[in-house]
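Visitor: Pasting input01.cif here (mmCIF, C-alpha atoms and all ligand atoms):
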data_my_file
#
loop_
_atom_site.label_atom_id
_atom_site.label_comp_id
_atom_site.auth_asym_id
_atom_site.auth_seq_id
_atom_site.Cartn_x
_atom_site.Cartn_y
_atom_site.Cartn_z
CA MET A 1235 23.99 -67.28 -207.58
CA ALA A 1236 24.59 -70.45 -205.67
CA GLU A 1237 23.19 -72.98 -203.28
CA ILE A 1238 25.03 -72.55 -199.98
CA HIS A 1239 25.49 -75.67 -197.90
CA LEU A 1240 26.91 -75.45 -194.38
CA LYS A 1241 28.09 -78.96 -193.66
CA SER A 1242 28.82 -80.16 -190.10
CA LEU A 1243 29.67 -76.57 -189.38
CA ALA A 1244 30.74 -75.35 -185.95
CA HIS A 1245 32.65 -72.37 -184.72
CA SER A 1246 34.33 -71.43 -181.47
CA TYR A 1247 36.21 -68.17 -180.96
CA SER A 1248 38.16 -69.97 -178.26
CA GLN A 1249 41.38 -71.83 -179.11
CA ASN A 1250 40.52 -74.65 -176.71
CA PRO A 1251 36.74 -74.95 -176.46
CA ALA A 1252 35.87 -76.95 -173.35
CA GLY A 1253 32.20 -77.60 -174.08
CA PRO A 1254 29.19 -76.61 -176.20
CA GLU A 1255 28.89 -73.29 -174.36
CA ASP A 1256 32.24 -72.24 -175.85
CA TYR A 1257 30.78 -72.45 -179.36
CA ALA A 1258 29.22 -69.44 -181.13
CA ILE A 1259 27.89 -71.93 -183.71
CA ARG A 1260 27.08 -75.40 -182.44
CA GLN A 1261 27.43 -78.15 -184.97
CA LEU A 1262 24.78 -77.72 -187.64
CA ASP A 1263 23.89 -78.69 -191.17
CA HIS A 1264 21.99 -76.21 -193.25
CA VAL A 1265 21.21 -75.49 -196.90
CA TRP A 1266 20.34 -72.05 -198.28
CA GLU A 1267 18.87 -72.92 -201.65
CA LYS A 1268 19.71 -71.15 -204.87
CA GLY A 1269 17.62 -68.02 -205.43
CA GLY A 1270 15.82 -68.07 -202.09
CA ALA A 1271 14.90 -65.02 -199.99
CA TYR A 1272 15.79 -66.00 -196.47
CA ALA A 1273 15.93 -64.43 -193.06
CA LEU A 1274 18.19 -65.49 -190.24
CA LEU A 1275 16.33 -64.46 -187.11
CA GLY A 1276 17.46 -64.60 -183.51
CA PRO A 1277 18.34 -62.55 -180.44
CA SER A 1278 21.56 -60.65 -180.05
CA GLY A 1279 24.57 -62.92 -179.48
CA CYS A 1280 23.00 -66.11 -180.91
CA GLY A 1281 25.58 -66.41 -183.69
CA LYS A 1282 23.99 -64.69 -186.71
CA SER A 1283 26.93 -62.51 -187.69
CA THR A 1284 29.31 -65.39 -187.06
CA MET A 1285 27.37 -67.49 -189.55
CA LEU A 1286 27.27 -64.75 -192.21
CA ASN A 1287 30.99 -64.09 -191.84
CA ILE A 1288 31.70 -67.80 -192.27
CA ILE A 1289 29.62 -67.87 -195.45
CA SER A 1290 31.33 -64.81 -196.90
CA GLY A 1291 34.80 -65.99 -195.87
CA LEU A 1292 35.63 -63.18 -193.44
CA LEU A 1293 35.88 -65.88 -190.80
CA ALA A 1294 37.26 -69.44 -191.09
CA PRO A 1295 35.07 -71.98 -189.25
CA SER A 1296 36.78 -74.11 -186.64
CA GLU A 1297 34.93 -77.21 -187.90
CA GLY A 1298 33.08 -78.27 -191.04
CA ASP A 1299 32.72 -77.14 -194.62
CA VAL A 1300 31.12 -74.35 -196.59
CA LEU A 1301 29.96 -75.61 -199.99
CA PHE A 1302 28.80 -73.42 -202.88
CA ASP A 1303 26.89 -75.56 -205.40
CA GLY A 1304 28.49 -78.62 -203.84
CA LYS A 1305 32.04 -77.28 -204.09
CA ARG A 1306 34.09 -76.65 -200.95
CA VAL A 1307 35.06 -72.99 -200.66
CA ASN A 1308 36.69 -72.96 -197.19
CA GLU A 1309 40.02 -71.94 -198.66
CA LEU A 1310 38.63 -69.22 -200.97
CA SER A 1311 38.97 -65.56 -200.00
CA PRO A 1312 35.81 -63.43 -199.65
CA ARG A 1313 36.57 -61.91 -203.03
CA ASP A 1314 36.87 -65.26 -204.78
CA ARG A 1315 33.64 -66.46 -203.20
CA ASN A 1316 31.89 -63.69 -205.08
CA ILE A 1317 29.61 -62.71 -202.22
CA ALA A 1318 28.22 -59.26 -201.54
CA GLN A 1319 27.80 -58.41 -197.87
CA VAL A 1320 25.99 -55.41 -196.41
CA PHE A 1321 26.70 -54.56 -192.78
CA GLN A 1322 24.85 -52.80 -190.01
CA PHE A 1323 26.82 -49.60 -190.53
CA PRO A 1324 27.62 -48.06 -193.92
CA VAL A 1325 30.81 -49.17 -195.63
CA ILE A 1326 31.45 -46.53 -198.26
CA TYR A 1327 34.26 -44.33 -199.53
CA ASP A 1328 33.61 -40.84 -198.15
CA SER A 1329 35.82 -39.08 -200.68
CA MET A 1330 34.08 -40.64 -203.68
CA THR A 1331 30.75 -39.56 -205.15
CA VAL A 1332 27.69 -41.76 -204.78
CA PHE A 1333 28.07 -42.78 -208.42
CA GLN A 1334 31.69 -43.79 -207.90
CA ASN A 1335 30.79 -45.74 -204.78
CA LEU A 1336 28.10 -47.69 -206.59
CA ALA A 1337 30.30 -48.19 -209.65
CA PHE A 1338 33.24 -49.47 -207.62
CA PRO A 1339 32.25 -53.16 -207.27
CA LEU A 1340 31.50 -53.26 -211.03
CA LYS A 1341 34.69 -51.50 -212.07
CA ASN A 1342 36.61 -53.97 -209.94
CA THR A 1343 35.25 -56.90 -211.91
CA GLY A 1344 35.93 -55.28 -215.28
CA VAL A 1345 32.41 -54.38 -216.34
CA PRO A 1346 32.40 -51.98 -219.35
CA ALA A 1347 31.67 -48.30 -218.58
CA ALA A 1348 28.36 -48.10 -220.46
CA GLN A 1349 27.03 -51.11 -218.61
CA ILE A 1350 28.20 -49.67 -215.29
CA LYS A 1351 26.25 -46.51 -215.96
CA THR A 1352 23.03 -48.40 -216.73
CA LYS A 1353 23.34 -50.62 -213.70
CA VAL A 1354 24.22 -47.80 -211.28
CA ASN A 1355 21.26 -45.78 -212.51
CA GLU A 1356 18.94 -48.74 -212.15
CA ILE A 1357 19.96 -49.40 -208.53
CA ALA A 1358 20.01 -45.70 -207.65
CA GLU A 1359 16.48 -45.40 -208.95
CA ILE A 1360 15.22 -48.37 -206.92
CA LEU A 1361 16.84 -46.98 -203.77
CA GLU A 1362 15.67 -43.45 -204.62
CA ILE A 1363 19.11 -41.90 -204.49
CA GLU A 1364 19.30 -40.99 -208.20
CA ASP A 1365 19.42 -37.29 -207.30
CA GLU A 1366 22.45 -37.81 -205.06
CA LEU A 1367 24.66 -39.58 -207.60
CA HIS A 1368 26.95 -36.59 -208.11
CA LYS A 1369 27.30 -35.84 -204.38
CA LYS A 1370 30.35 -36.72 -202.33
CA ALA A 1371 29.42 -39.57 -199.99
CA LYS A 1372 30.66 -37.68 -196.96
CA ASN A 1373 27.91 -35.09 -197.46
CA LEU A 1374 25.10 -37.62 -197.18
CA THR A 1375 22.77 -38.25 -194.24
CA ALA A 1376 23.16 -41.50 -192.26
CA ASP A 1377 20.14 -42.97 -194.06
CA GLN A 1378 21.48 -42.10 -197.47
CA LYS A 1379 24.90 -43.52 -196.63
CA GLN A 1380 23.34 -46.82 -195.68
CA LYS A 1381 21.34 -46.82 -198.91
CA VAL A 1382 24.58 -46.39 -200.83
CA SER A 1383 26.11 -49.20 -198.81
CA MET A 1384 23.19 -51.41 -199.73
CA GLY A 1385 23.41 -50.29 -203.32
CA ARG A 1386 27.03 -51.43 -203.41
CA GLY A 1387 25.83 -54.87 -202.37
CA LEU A 1388 23.00 -54.94 -204.88
CA VAL A 1389 24.71 -53.53 -207.94
CA ARG A 1390 26.43 -56.70 -209.09
CA GLY A 1391 24.21 -59.18 -210.87
CA ASP A 1392 26.77 -61.98 -210.90
CA VAL A 1393 27.20 -62.65 -207.19
CA SER A 1394 26.73 -66.05 -205.56
CA ALA A 1395 24.62 -64.45 -202.85
CA ILE A 1396 23.94 -61.20 -201.03
CA LEU A 1397 24.21 -61.28 -197.26
CA PHE A 1398 22.62 -58.53 -195.19
CA ASP A 1399 23.65 -58.19 -191.55
CA GLU A 1400 20.95 -56.08 -189.84
CA PRO A 1401 21.31 -53.46 -192.59
CA LEU A 1402 18.39 -51.29 -191.54
CA THR A 1403 19.43 -50.68 -187.92
CA VAL A 1404 20.48 -47.08 -188.55
CA ILE A 1405 17.51 -46.29 -190.79
CA ASP A 1406 14.42 -44.54 -189.43
CA PRO A 1407 11.27 -46.72 -189.11
CA GLN A 1408 9.31 -45.21 -191.98
CA LEU A 1409 12.10 -45.67 -194.47
CA LYS A 1410 12.91 -49.10 -193.03
CA TRP A 1411 9.56 -50.40 -194.13
CA LYS A 1412 10.04 -48.99 -197.61
CA LEU A 1413 13.57 -50.35 -198.02
CA ARG A 1414 12.54 -53.80 -196.92
CA ARG A 1415 9.86 -53.83 -199.59
CA LYS A 1416 12.46 -52.68 -202.10
CA LEU A 1417 14.80 -55.49 -201.16
CA LYS A 1418 12.01 -57.94 -201.74
CA GLN A 1419 11.29 -56.33 -205.07
CA ILE A 1420 14.96 -56.57 -206.01
CA HIS A 1421 14.93 -60.23 -205.04
CA GLU A 1422 11.94 -60.89 -207.25
CA GLN A 1423 13.47 -58.97 -210.13
CA PHE A 1424 16.96 -60.48 -210.05
CA ASP A 1425 16.36 -63.85 -208.37
CA ILE A 1426 19.53 -63.74 -206.27
CA THR A 1427 20.07 -65.88 -203.15
CA MET A 1428 19.64 -63.46 -200.24
CA VAL A 1429 20.16 -64.03 -196.54
CA TYR A 1430 18.87 -61.24 -194.36
CA VAL A 1431 19.93 -61.17 -190.71
CA THR A 1432 17.67 -59.53 -188.17
CA HIS A 1433 16.49 -59.82 -184.58
CA ASP A 1434 13.08 -58.43 -185.57
CA GLN A 1435 10.38 -60.99 -186.43
CA LEU A 1436 8.33 -58.51 -188.43
CA GLU A 1437 11.33 -57.59 -190.53
CA ALA A 1438 12.07 -61.27 -191.09
CA SER A 1439 8.57 -62.21 -192.15
CA THR A 1440 8.04 -59.25 -194.48
CA PHE A 1441 11.27 -59.96 -196.33
CA ALA A 1442 11.69 -63.72 -196.36
CA ASP A 1443 9.89 -66.68 -197.87
CA LYS A 1444 11.58 -68.86 -195.28
CA ILE A 1445 13.06 -68.00 -191.90
CA ALA A 1446 15.84 -69.76 -190.01
CA VAL A 1447 15.38 -69.14 -186.30
CA MET A 1448 18.67 -69.20 -184.47
CA TYR A 1449 19.09 -69.67 -180.76
CA GLY A 1450 22.22 -70.40 -178.76
CA GLY A 1451 24.35 -71.13 -181.83
CA GLN A 1452 21.82 -73.52 -183.37
CA ILE A 1453 19.17 -73.21 -186.07
CA VAL A 1454 16.19 -74.46 -184.10
CA GLN A 1455 13.70 -74.19 -186.97
CA PHE A 1456 13.73 -73.39 -190.67
CA GLY A 1457 10.29 -72.68 -192.05
CA THR A 1458 7.77 -70.28 -193.53
CA PRO A 1459 6.35 -67.59 -191.24
CA THR A 1460 3.13 -69.64 -191.03
CA GLU A 1461 4.99 -72.80 -190.07
CA LEU A 1462 6.86 -70.97 -187.33
CA PHE A 1463 3.61 -69.59 -186.04
CA GLU A 1464 1.48 -72.72 -186.25
CA GLN A 1465 4.00 -75.42 -185.52
CA PRO A 1466 6.93 -74.13 -183.47
CA ASN A 1467 9.52 -76.92 -183.34
CA HIS A 1468 11.16 -75.50 -180.26
CA THR A 1469 9.90 -73.55 -177.25
CA PHE A 1470 12.19 -70.68 -178.22
CA VAL A 1471 10.38 -70.32 -181.57
CA GLY A 1472 7.06 -70.34 -179.72
CA TYR A 1473 8.26 -67.67 -177.35
CA PHE A 1474 10.15 -65.49 -179.85
CA ILE A 1475 7.62 -65.49 -182.72
CA GLY A 1476 4.26 -63.91 -182.07
CA SER A 1477 3.22 -60.98 -179.96
CA PRO A 1478 2.79 -61.94 -177.24
CA GLY A 1479 4.58 -65.27 -177.68
CA MET A 1480 3.29 -68.75 -176.99
CA ASN A 1481 2.03 -69.63 -173.51
CA LEU A 1482 4.48 -72.22 -172.17
CA ILE A 1483 3.73 -74.09 -168.97
CA GLU A 1484 5.92 -76.55 -167.14
CA VAL A 1485 3.99 -79.75 -166.53
CA ARG A 1486 4.45 -83.29 -165.23
CA ARG A 1487 3.08 -86.52 -166.51
CA CYS A 1488 -0.04 -87.69 -164.67
CA GLU A 1489 -3.11 -89.87 -164.94
CA GLY A 1490 -5.13 -88.59 -167.92
CA GLY A 1491 -2.42 -86.46 -169.54
CA VAL A 1492 -0.20 -83.79 -168.03
CA CYS A 1493 -0.68 -81.75 -164.86
CA PHE A 1494 0.29 -78.44 -163.36
CA GLY A 1495 -1.07 -77.74 -159.88
CA ASP A 1496 -4.53 -79.30 -159.77
CA THR A 1497 -5.11 -78.83 -163.47
CA VAL A 1498 -5.14 -81.95 -165.64
CA VAL A 1499 -4.78 -81.42 -169.39
CA PRO A 1500 -5.54 -84.37 -171.68
CA MET A 1501 -3.05 -85.15 -174.46
CA GLY A 1502 -3.28 -86.59 -177.98
CA THR A 1503 -2.26 -90.12 -179.00
CA GLN A 1504 1.34 -89.49 -180.01
CA GLN A 1505 1.83 -87.03 -177.19
CA THR A 1506 0.67 -89.67 -174.70
CA GLU A 1507 2.98 -92.21 -176.29
CA ALA A 1508 5.91 -89.82 -175.91
CA LEU A 1509 4.97 -89.23 -172.28
CA GLU A 1510 4.95 -92.97 -171.62
CA ASN A 1511 8.51 -93.27 -172.89
CA LEU A 1512 9.70 -90.18 -171.09
CA THR A 1513 13.22 -90.07 -169.71
CA SER A 1514 13.40 -86.30 -169.16
CA SER A 1515 11.70 -84.21 -166.48
CA ASN A 1516 11.77 -81.14 -168.73
CA VAL A 1517 8.21 -81.22 -170.10
CA LYS A 1518 6.14 -78.24 -171.20
CA ILE A 1519 2.86 -77.61 -172.94
CA GLY A 1520 2.48 -74.67 -175.28
CA ILE A 1521 -0.45 -72.90 -176.86
CA ARG A 1522 -0.53 -69.56 -178.61
CA PRO A 1523 -2.75 -66.75 -177.20
CA GLU A 1524 -4.56 -66.73 -180.56
CA PHE A 1525 -5.66 -70.36 -180.16
CA VAL A 1526 -6.91 -70.39 -176.58
CA GLN A 1527 -10.70 -70.23 -176.59
CA ALA A 1528 -12.48 -68.13 -174.03
CA SER A 1529 -16.14 -68.45 -173.07
CA ASP A 1530 -18.62 -67.64 -170.28
CA VAL A 1531 -19.95 -71.15 -170.40
CA ALA A 1532 -18.34 -74.08 -168.61
CA ALA A 1533 -18.14 -77.43 -170.42
CA ASP A 1534 -16.44 -80.82 -169.94
CA ASP A 1535 -13.24 -79.63 -171.56
CA THR A 1536 -13.02 -76.12 -170.12
CA PHE A 1537 -10.83 -74.76 -167.34
CA ALA A 1538 -12.01 -71.97 -165.07
CA ALA A 1539 -9.49 -69.16 -164.88
CA GLU A 1540 -9.38 -65.77 -163.20
CA VAL A 1541 -9.23 -62.69 -165.42
CA LYS A 1542 -6.36 -60.47 -164.29
CA ASP A 1543 -6.32 -57.86 -167.00
CA VAL A 1544 -7.75 -57.03 -170.42
CA GLU A 1545 -5.73 -54.78 -172.70
CA ASP A 1546 -7.58 -53.26 -175.62
CA LEU A 1547 -5.30 -52.97 -178.65
CA GLY A 1548 -7.80 -51.50 -181.07
CA THR A 1549 -8.75 -54.36 -183.38
CA TYR A 1550 -8.22 -57.06 -180.74
CA LYS A 1551 -7.62 -57.49 -177.01
CA ILE A 1552 -5.05 -59.35 -174.97
CA MET A 1553 -6.44 -60.86 -171.80
CA THR A 1554 -4.16 -62.01 -168.99
CA VAL A 1555 -5.56 -64.87 -166.93
CA ARG A 1556 -4.51 -66.92 -163.95
CA LEU A 1557 -5.08 -70.66 -164.28
CA GLY A 1558 -3.95 -72.41 -161.09
CA ASP A 1559 -0.49 -70.99 -160.43
CA GLU A 1560 0.14 -70.12 -164.07
CA THR A 1561 -0.35 -66.89 -165.96
CA MET A 1562 -1.52 -67.10 -169.56
CA LYS A 1563 -2.32 -64.68 -172.35
CA VAL A 1564 -5.43 -65.02 -174.47
CA ARG A 1565 -6.20 -63.08 -177.61
CA LEU A 1566 -9.78 -61.88 -177.81
CA THR A 1567 -11.75 -60.32 -180.62
CA GLU A 1568 -13.19 -56.83 -180.18
CA ASP A 1569 -16.64 -58.19 -179.37
CA GLN A 1570 -15.56 -60.57 -176.59
CA HIS A 1571 -16.07 -58.97 -173.19
CA PHE A 1572 -14.38 -60.11 -170.01
CA GLU A 1573 -13.60 -58.01 -166.98
CA ALA A 1574 -10.66 -58.10 -164.62
CA GLY A 1575 -11.64 -59.92 -161.43
CA GLY A 1576 -14.17 -62.13 -163.23
CA THR A 1577 -14.01 -65.76 -164.28
CA VAL A 1578 -13.49 -67.10 -167.78
CA GLN A 1579 -13.78 -70.63 -169.14
CA LEU A 1580 -10.79 -71.58 -171.27
CA SER A 1581 -10.36 -74.44 -173.69
CA PHE A 1582 -7.32 -75.62 -175.59
CA PRO A 1583 -8.17 -77.07 -179.01
CA GLU A 1584 -6.23 -80.33 -179.48
CA LYS A 1585 -4.77 -79.17 -182.78
CA TRP A 1586 -3.07 -76.16 -181.18
CA LEU A 1587 -1.99 -77.67 -177.90
CA LYS A 1588 1.69 -78.61 -178.26
CA LEU A 1589 3.88 -80.81 -176.11
CA TYR A 1590 7.59 -80.06 -175.68
CA VAL A 1591 10.14 -82.44 -174.21
CA ASP A 1592 13.58 -80.97 -173.56
CA GLU A 1593 12.30 -77.85 -175.36
CA PHE A 1594 11.65 -79.71 -178.66
CA LEU A 1595 8.19 -80.38 -180.08
CA VAL A 1596 6.61 -83.82 -179.92
CA GLU A 1597 4.94 -84.01 -183.32
CA GLU A 1598 1.29 -84.91 -183.36
CA THR A 1599 0.63 -85.93 -186.95
CA GLU A 1600 -2.92 -86.33 -188.16
CA GLN A 1601 -3.90 -89.95 -188.60
P1 LIG B 1 24.76 -62.04 -183.31
O1 LIG B 1 25.22 -61.52 -184.63
O2 LIG B 1 23.63 -63.03 -183.40
O3 LIG B 1 24.44 -60.95 -182.34
P2 LIG B 1 27.50 -62.97 -183.02
O4 LIG B 1 27.70 -63.94 -184.12
O5 LIG B 1 28.08 -61.62 -183.20
O6 LIG B 1 25.95 -62.89 -182.64
O7 LIG B 1 28.11 -63.56 -181.67
C1 LIG B 1 27.89 -64.91 -181.25
C2 LIG B 1 28.70 -65.17 -179.98
O8 LIG B 1 30.08 -65.13 -180.27
C3 LIG B 1 28.47 -64.15 -178.88
O9 LIG B 1 28.51 -64.83 -177.65
C4 LIG B 1 29.64 -63.20 -179.03
O10 LIG B 1 29.97 -62.62 -177.81
C5 LIG B 1 30.74 -64.11 -179.52
N1 LIG B 1 31.69 -63.41 -180.42
C6 LIG B 1 31.40 -62.73 -181.54
N2 LIG B 1 32.50 -62.23 -182.13
C7 LIG B 1 33.54 -62.62 -181.35
C8 LIG B 1 34.96 -62.44 -181.43
N3 LIG B 1 35.51 -61.76 -182.44
N4 LIG B 1 35.71 -62.98 -180.45
C9 LIG B 1 35.15 -63.67 -179.43
N5 LIG B 1 33.83 -63.88 -179.30
C10 LIG B 1 33.02 -63.38 -180.24
MG MG B 2 25.33 -59.54 -185.33
#
How does this structure look as structure tokens?
Ligand code: ADP
Ligand code: MG

Guide:
Amino acid sequence: MAEIHLKSLAHSYSQNPAGPEDYAIRQLDHVWEKGGAYALLGPSGCGKSTMLNIISGLLAPSEGDVLFDGKRVNELSPRDRNIAQVFQFPVIYDSMTVFQNLAFPLKNTGVPAAQIKTKVNEIAEILEIEDELHKKAKNLTADQKQKVSMGRGLVRGDVSAILFDEPLTVIDPQLKWKLRRKLKQIHEQFDITMVYVTHDQLEASTFADKIAVMYGGQIVQFGTPTELFEQPNHTFVGYFIGSPGMNLIEVRRCEGGVCFGDTVVPMGTQQTEALENLTSSNVKIGIRPEFVQASDVAADDTFAAEVKDVEDLGTYKIMTVRLGDETMKVRLTEDQHFEAGGTVQLSFPEKWLKLYVDEFLVEETEQ
């Protein structure tokens, strides 16, 4: 396995890119450390597959270097990079048996027959396809085919990394959950660098120790699921992670903090400092529904809002409120009762109230 360093990397599918919007990957620097379990998370079209294909060597980047353990591999073929890649749709040989399919990557690298047998059996057992080993691949169900495809990626112990490009798309939800757990188990057992591409935040956080959130060809944050939740570096991370996502409100600088409509929201020390040096008019505040506090009682630091809707989701509730001209979501516990049409007093704890300038977080470090 290897550390994978993407250095000043950028890629455009266009021969003559005119501007940043012509780039599928905008210039970035990123390190996937040796042995890590990572997810690359982002919406469709943000550049995830492009990045994976550049790592594996299926695609040559238009700018920058790919380094494995510090060594430039731009000129190496996918085969020489020693990377296993699993795609969205199964890549298997229909005319071969499951055993032959799984054995193929090992046979190719000259592994002795006895060892192949052990390894194939081990992987087949983990993926629960040991009873299908003798079957021709063409007779398998779609789920089973994708398991074999994954098995082909997992069977080699000597790879620099395994890259998964939305591998569970064709798998039914029940089995998806199980396979994800298995992948994690395989990671723990074999300690291989794994990068798992998905557009599903739940999938990302159940598999990965650390998640790279990609948006518009950039990695906007690389962090643990908790970091992405508690400290989104970018409004997109706030919006994309969480269900529902972060409340984001466009504001302007004003006496006493920031304002929207008639509402004045006080800011912290560093946030105020950033506002004083402001050159942009793109300013937003953000707070997650989980961190907005709701009460019946007005206080100095509360804002009166109108309750529009309360949705009971079993163990918690999501309340929609109107504060001035803005709509916000607030997460309530089961025992908090507010009714549509009524008034609620909201407060925004300083620790969880974030300020974004040009979509990026203004850090408020504890002093
Ligand atoms: P993702 O995997 O996150 O959905 P992709 O890496 O496939 O995103 O695509 C990133 C961007 O590059 C998209 O705008 C897509 O339309 C474009 N793109 C992808 N493949 C090609 C290609 N072969 N030729 C031209 N444009 C492409
Ligand atoms: Mg893709």

Visitor: Can you pull out every residue within 12 Å of Asp1406 in chain A, counting all atoms listed in the file, but drop anything in the same chain fewer than 6 positions away, and send it as a PyMOL selection string?

Guide: chain A and resi 1375-1378+1380-1381+1412-1413

Visitor: Starting from the point (16.5, -74.0, -186.6), work out which residues of protein, DNA or RNA have an atom no more than 12 Å away when counting all atoms listed in the file; state them as an mmCIF file with C-alpha atoms, in the coordinates of the input.

Guide:
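New file out00.cif:
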data_model
loop_
_atom_site.group_PDB
_atom_site.id
_atom_site.type_symbol
_atom_site.label_atom_id
_atom_site.label_comp_id
_atom_site.auth_asym_id
_atom_site.auth_seq_id
_atom_site.Cartn_x
_atom_site.Cartn_y
_atom_site.Cartn_z
ATOM 1 C CA ILE A 1259 27.890 -71.930 -183.710
ATOM 2 C CA ARG A 1260 27.080 -75.400 -182.440
ATOM 3 C CA GLN A 1261 27.430 -78.150 -184.970
ATOM 4 C CA LEU A 1262 24.780 -77.720 -187.640
ATOM 5 C CA ASP A 1263 23.890 -78.690 -191.170
ATOM 6 C CA HIS A 1264 21.990 -76.210 -193.250
ATOM 7 C CA VAL A 1265 21.210 -75.490 -196.900
ATOM 8 C CA ALA A 1273 15.930 -64.430 -193.060
ATOM 9 C CA LEU A 1274 18.190 -65.490 -190.240
ATOM 10 C CA LEU A 1275 16.330 -64.460 -187.110
ATOM 11 C CA GLY A 1276 17.460 -64.600 -183.510
ATOM 12 C CA CYS A 1280 23.000 -66.110 -180.910
ATOM 13 C CA LYS A 1282 23.990 -64.690 -186.710
ATOM 14 C CA LYS A 1444 11.580 -68.860 -195.280
ATOM 15 C CA ILE A 1445 13.060 -68.000 -191.900
ATOM 16 C CA ALA A 1446 15.840 -69.760 -190.010
ATOM 17 C CA VAL A 1447 15.380 -69.140 -186.300
ATOM 18 C CA MET A 1448 18.670 -69.200 -184.470
ATOM 19 C CA TYR A 1449 19.090 -69.670 -180.760
ATOM 20 C CA GLY A 1450 22.220 -70.400 -178.760
ATOM 21 C CA GLY A 1451 24.350 -71.130 -181.830
ATOM 22 C CA GLN A 1452 21.820 -73.520 -183.370
ATOM 23 C CA ILE A 1453 19.170 -73.210 -186.070
ATOM 24 C CA VAL A 1454 16.190 -74.460 -184.100
ATOM 25 C CA GLN A 1455 13.700 -74.190 -186.970
ATOM 26 C CA PHE A 1456 13.730 -73.390 -190.670
ATOM 27 C CA GLY A 1457 10.290 -72.680 -192.050
ATOM 28 C CA THR A 1458 7.770 -70.280 -193.530
ATOM 29 C CA LEU A 1462 6.860 -70.970 -187.330
ATOM 30 C CA PRO A 1466 6.930 -74.130 -183.470
ATOM 31 C CA ASN A 1467 9.520 -76.920 -183.340
ATOM 32 C CA HIS A 1468 11.160 -75.500 -180.260
ATOM 33 C CA THR A 1469 9.900 -73.550 -177.250
ATOM 34 C CA PHE A 1470 12.190 -70.680 -178.220
ATOM 35 C CA VAL A 1471 10.380 -70.320 -181.570
ATOM 36 C CA PHE A 1594 11.650 -79.710 -178.660
#

Visitor: Would you compute the distance between CA of Leu1336 in chain A and CA of Gly1385 in chain A? Give it in Å to one decimal.

Guide: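 Straight-line distance from CA of Leu1336 in chain A to CA of Gly1385 in chain A works out to 6.3 Å.
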
Visitor: Select, from A:Gly1304, A:Lys1370, A:Ile1288, A:Ala1294, the residue with the minimum atom-to-atom distance to Asp1328 in chain A, counting only C-alpha atoms.

Guide: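 Closest residue, counting only C-alpha atoms: A:Lys1370.
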
Visitor: Which residues form the shell of 7 Å around ligand LIG 1 (chain B) when you count all atoms listed in the file, given as a PyMOL selection string?

Guide: chain A and resi 1247+1258+1276-1285

Visitor: Give me the residues within 7 Å of range 1305-1313 of chain A as a PyMOL selection string, counting all atoms listed in the file and dropping any in the same chain fewer than 4 places off.

Guide: chain A and resi 1290-1292+1299-1301+1317

Visitor: Can you pull out every residue within 9 Å of range 1514-1530 of chain A, counting all atoms listed in the file, but drop anything in the same chain fewer than 2 positions away, and send it as a VMD selection string?

Guide: chain A and resid 1463 to 1464 1469 1472 1476 to 1487 1492 1509 1512 1532 1536 1552 to 1553 1562 to 1566 1570 1572 1577 to 1583 1586 to 1593

Visitor: Write out, as a tab-separated table (two decimals), in the coordinates of the input, the residues just selected, with C-alpha atoms.

Guide:
chain	number	residue	atom	x	y	z
A	1463	PHE	CA	3.61	-69.59	-186.04
A	1464	GLU	CA	1.48	-72.72	-186.25
A	1469	THR	CA	9.90	-73.55	-177.25
A	1472	GLY	CA	7.06	-70.34	-179.72
A	1476	GLY	CA	4.26	-63.91	-182.07
A	1477	SER	CA	3.22	-60.98	-179.96
A	1478	PRO	CA	2.79	-61.94	-177.24
A	1479	GLY	CA	4.58	-65.27	-177.68
A	1480	MET	CA	3.29	-68.75	-176.99
A	1481	ASN	CA	2.03	-69.63	-173.51
A	1482	LEU	CA	4.48	-72.22	-172.17
A	1483	ILE	CA	3.73	-74.09	-168.97
A	1484	GLU	CA	5.92	-76.55	-167.14
A	1485	VAL	CA	3.99	-79.75	-166.53
A	1486	ARG	CA	4.45	-83.29	-165.23
A	1487	ARG	CA	3.08	-86.52	-166.51
A	1492	VAL	CA	-0.20	-83.79	-168.03
A	1509	LEU	CA	4.97	-89.23	-172.28
A	1512	LEU	CA	9.70	-90.18	-171.09
A	1532	ALA	CA	-18.34	-74.08	-168.61
A	1536	THR	CA	-13.02	-76.12	-170.12
A	1552	ILE	CA	-5.05	-59.35	-174.97
A	1553	MET	CA	-6.44	-60.86	-171.80
A	1562	MET	CA	-1.52	-67.10	-169.56
A	1563	LYS	CA	-2.32	-64.68	-172.35
A	1564	VAL	CA	-5.43	-65.02	-174.47
A	1565	ARG	CA	-6.20	-63.08	-177.61
A	1566	LEU	CA	-9.78	-61.88	-177.81
A	1570	GLN	CA	-15.56	-60.57	-176.59
A	1572	PHE	CA	-14.38	-60.11	-170.01
A	1577	THR	CA	-14.01	-65.76	-164.28
A	1578	VAL	CA	-13.49	-67.10	-167.78
A	1579	GLN	CA	-13.78	-70.63	-169.14
A	1580	LEU	CA	-10.79	-71.58	-171.27
A	1581	SER	CA	-10.36	-74.44	-173.69
A	1582	PHE	CA	-7.32	-75.62	-175.59
A	1583	PRO	CA	-8.17	-77.07	-179.01
A	1586	TRP	CA	-3.07	-76.16	-181.18
A	1587	LEU	CA	-1.99	-77.67	-177.90
A	1588	LYS	CA	1.69	-78.61	-178.26
A	1589	LEU	CA	3.88	-80.81	-176.11
A	1590	TYR	CA	7.59	-80.06	-175.68
A	1591	VAL	CA	10.14	-82.44	-174.21
A	1592	ASP	CA	13.58	-80.97	-173.56
A	1593	GLU	CA	12.30	-77.85	-175.36

Visitor: Could you pull range 1495-1499 of chain A out of the structure I just pasted and write it to a file containing C-alpha atoms, as a short mmCIF file (atom, residue, chain, number, x, y, z; two decimals), in the first residue's frame?

Guide:
data_model
loop_
_atom_site.label_atom_id
_atom_site.label_comp_id
_atom_site.auth_asym_id
_atom_site.auth_seq_id
_atom_site.Cartn_x
_atom_site.Cartn_y
_atom_site.Cartn_z
CA GLY A 1495 -34.30 42.16 7.73
CA ASP A 1496 -34.80 43.68 11.17
CA THR A 1497 -32.97 40.89 12.94
CA VAL A 1498 -29.58 41.72 14.44
CA VAL A 1499 -27.36 38.76 15.35
#
